[in-house]
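**Student:** Got a structure for you, written out below as structure tokens; questions coming shortly.
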Amino acid sequence: MIQRIKNIFRSSNQTVDCIVLKNATIPYVDDNFFYVTNLEQGLFEGSCAVIHSNGTLDILVSELEAESARKSTARLIIYKTKDEYSTALKQLLSSFSTIGVNASGLSYFEFNKLTGILPNAKFVDVSDGFFKARLTKDEQEIQRIKKACEIADETMAAIPDIVTDGMSEDELAAEINYSLQSLGAEKPAFDTISSFGKNSAEPHYGHGNVNLENGSFVLCDFGACYKKYNSDITRTFVFGKATEKHKEMYETVLQAQQIAFQAIKPGVKAGDVHQAVQSYIDSTKFKGKFIHSTGHGLGLAVHDGIGFSPDNGMELKENMVLTVEPGVYVPGFGGVRIEDDILVKKDGLELLTKSPRDFRELG
Ligand code: GLY
Ligand code: MN
């Protein structure tokens with residue numbers, strides 16, 4: 001992971017003697033800990049990583065995580081008690097006067113503990129270094145995301161056979177999660193969304209004790225987390241016979257996604273991709289019904305770095321991984337979203353999720 005660490009130091013506008021990543025308990029565990037250690041298993045609550053500009057690192061972990069930690073090439077220090085932890089951290093950091101922290105992944109509570117252990121050190125925020133280094137993915141990251149996408153595709157392919165008349169959104173979500181894990185996912189990438197009918201008009205709805213009825217949208221949005229890397233896919237079906245309105249909504253979103261695919265290539269501003277999609281949807285009868293950004297970066301985090309948001313002037317670069325997920329949402333009726341994961345390539349993009357996108361009636 002030498003290159004990743006060097007990139008972090010090079011990418012930050014700050015100059016520091018070393019960088020410390022300090023984890024608390026979930027959800028306050030910094031995913032950059034996994035970025036720099038390359039560890040695939042373990043929670044690493046209460047662990048710490050000290051990274052150096054030459055690409056090496058020390059990690060400080062409790063006995064609970066020691067076995068998992070040995071799979072990393074980092075120098076390892078194991079602590080048993082809180083006192084041992086503080087003493088070891090002080091020793092690791094005592095020769096440095098300017099220490100970088102990732103302020104966007106560090107709670108104020110943990111930061112205060114750090115300054116308490118090292119009252120004379122100067123702490124500087126180097127979160128820009130992590131953000132910029134992670135915008136483009138290296139080969140290993142891409143391979144993991146691809147595998148996460150394959151698992152998601154295979155799960156999506158099973159959905160038409162899983163969906164049955166009267167089943168609940170809760171049951172469908174459970175089936176999706178079961179499939180993801182049986183196919184090798186560590187866990188679902190995020191809380192699976194399986195929404196029926198008018199619930200599909202809420203982009204971040206979830207699932208509930210609602211039974212499937214004929215003529216309803218079935219929106220499935222989920223992903224696999226594989227070796228800490230995520231995929232994110234959405235397909236929207238109709239259960240039973242679709243109406244013209246269902247089909248029109250679907251065709252509008254499908255066309256919007258094609259517009260995004262055609263616009264994506266290195267050098268294009270992320271915000272311009274969104275504007276192209278937004279203008280198209282606003283030129284149809286679904287004007288004003290596209291209510292979120294066109295997509296987001298994907299990697300160790302499900303929402304990872306750069307996104308296709310209206311005001312993002314950042315240019316796309318080769319080896320960025322993002323989602324493309326236009327949608328239209330009609331409150332009281334339902335919503336359609338079609339989401340795929342893409343890798344930015346020299347001349348355009350590679351689709352990482354490959355599930356069919358044709359309009360489909362189930363049942
Ligand atoms: N797939 C959920 C989201 O992107 O927010
Ligand atoms: Mn998404």
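Letters A, B, ... mark the chains of the structure tokens in the order given; residue numbers begin at 1 per chain; ligand numbers begin at 1, in order shown.
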Would you list the contacts of segment 166-174 of chain A as a list in words, taking every protein, DNA or RNA residue within 7 Å and counting only C-alpha atoms, but skipping same-chain residues closer than 6 positions in sequence?
**Tutor:**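 In the requested form, the answer reads Thr192, Ile193, Ser194, Ser195, Phe196, His207, Gly208, Asn209, Val210, Asn211, Leu212 and Glu213 of chain A.
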**Student:** Go through the chains and note each residue within 10 Å of ligand 2, using only C-alpha atoms and all ligand atoms, then give the set as a ChimeraX atom specification.
**Tutor:** /A:190,203-204,221-223,231-234,293-298,302-303,322-326,337-341
**Student:** Among segment 103-307 of chain A, which ones does DSSP place in alpha helix (DSSP H), written as a VMD selection string?
**Tutor:** chain A and resid 108 to 117 127 to 135 139 to 162 169 to 182 244 to 263 270 to 282
**Student:** Ranking A:Met314, A:Ile77, A:Val330, A:Val101 by minimum distance to Ile291 of chain A and counting only C-alpha atoms, which one comes first?
**Tutor:**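 Among the listed residues, the smallest separation from Ile291 of chain A belongs to A:Val330.
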**Student:** What is the atom CA of Lys265 of chain A-atom CA of Val321 of chain A distance in Å, reported with one decimal?
**Tutor:** 11.7 Å
**Student:** Within 8 Å of Val328 of chain A, counting only C-alpha atoms, which residues show up once you throw out same-chain ones fewer than 3 positions away? Write them as a list of chain:residue names, please.
**Tutor:**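 Counting only C-alpha atoms, the residues come to A:Ala201, A:Met249, A:Val253, A:Phe286, A:Lys289, A:Phe290, A:Ile291, A:Gly335, A:Val336, A:Arg337.
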**Student:** Please compute the atom CA of Thr252 of chain A-atom CA of Val218 of chain A distance, one decimal, in Å.
**Tutor:** 17.0 Å
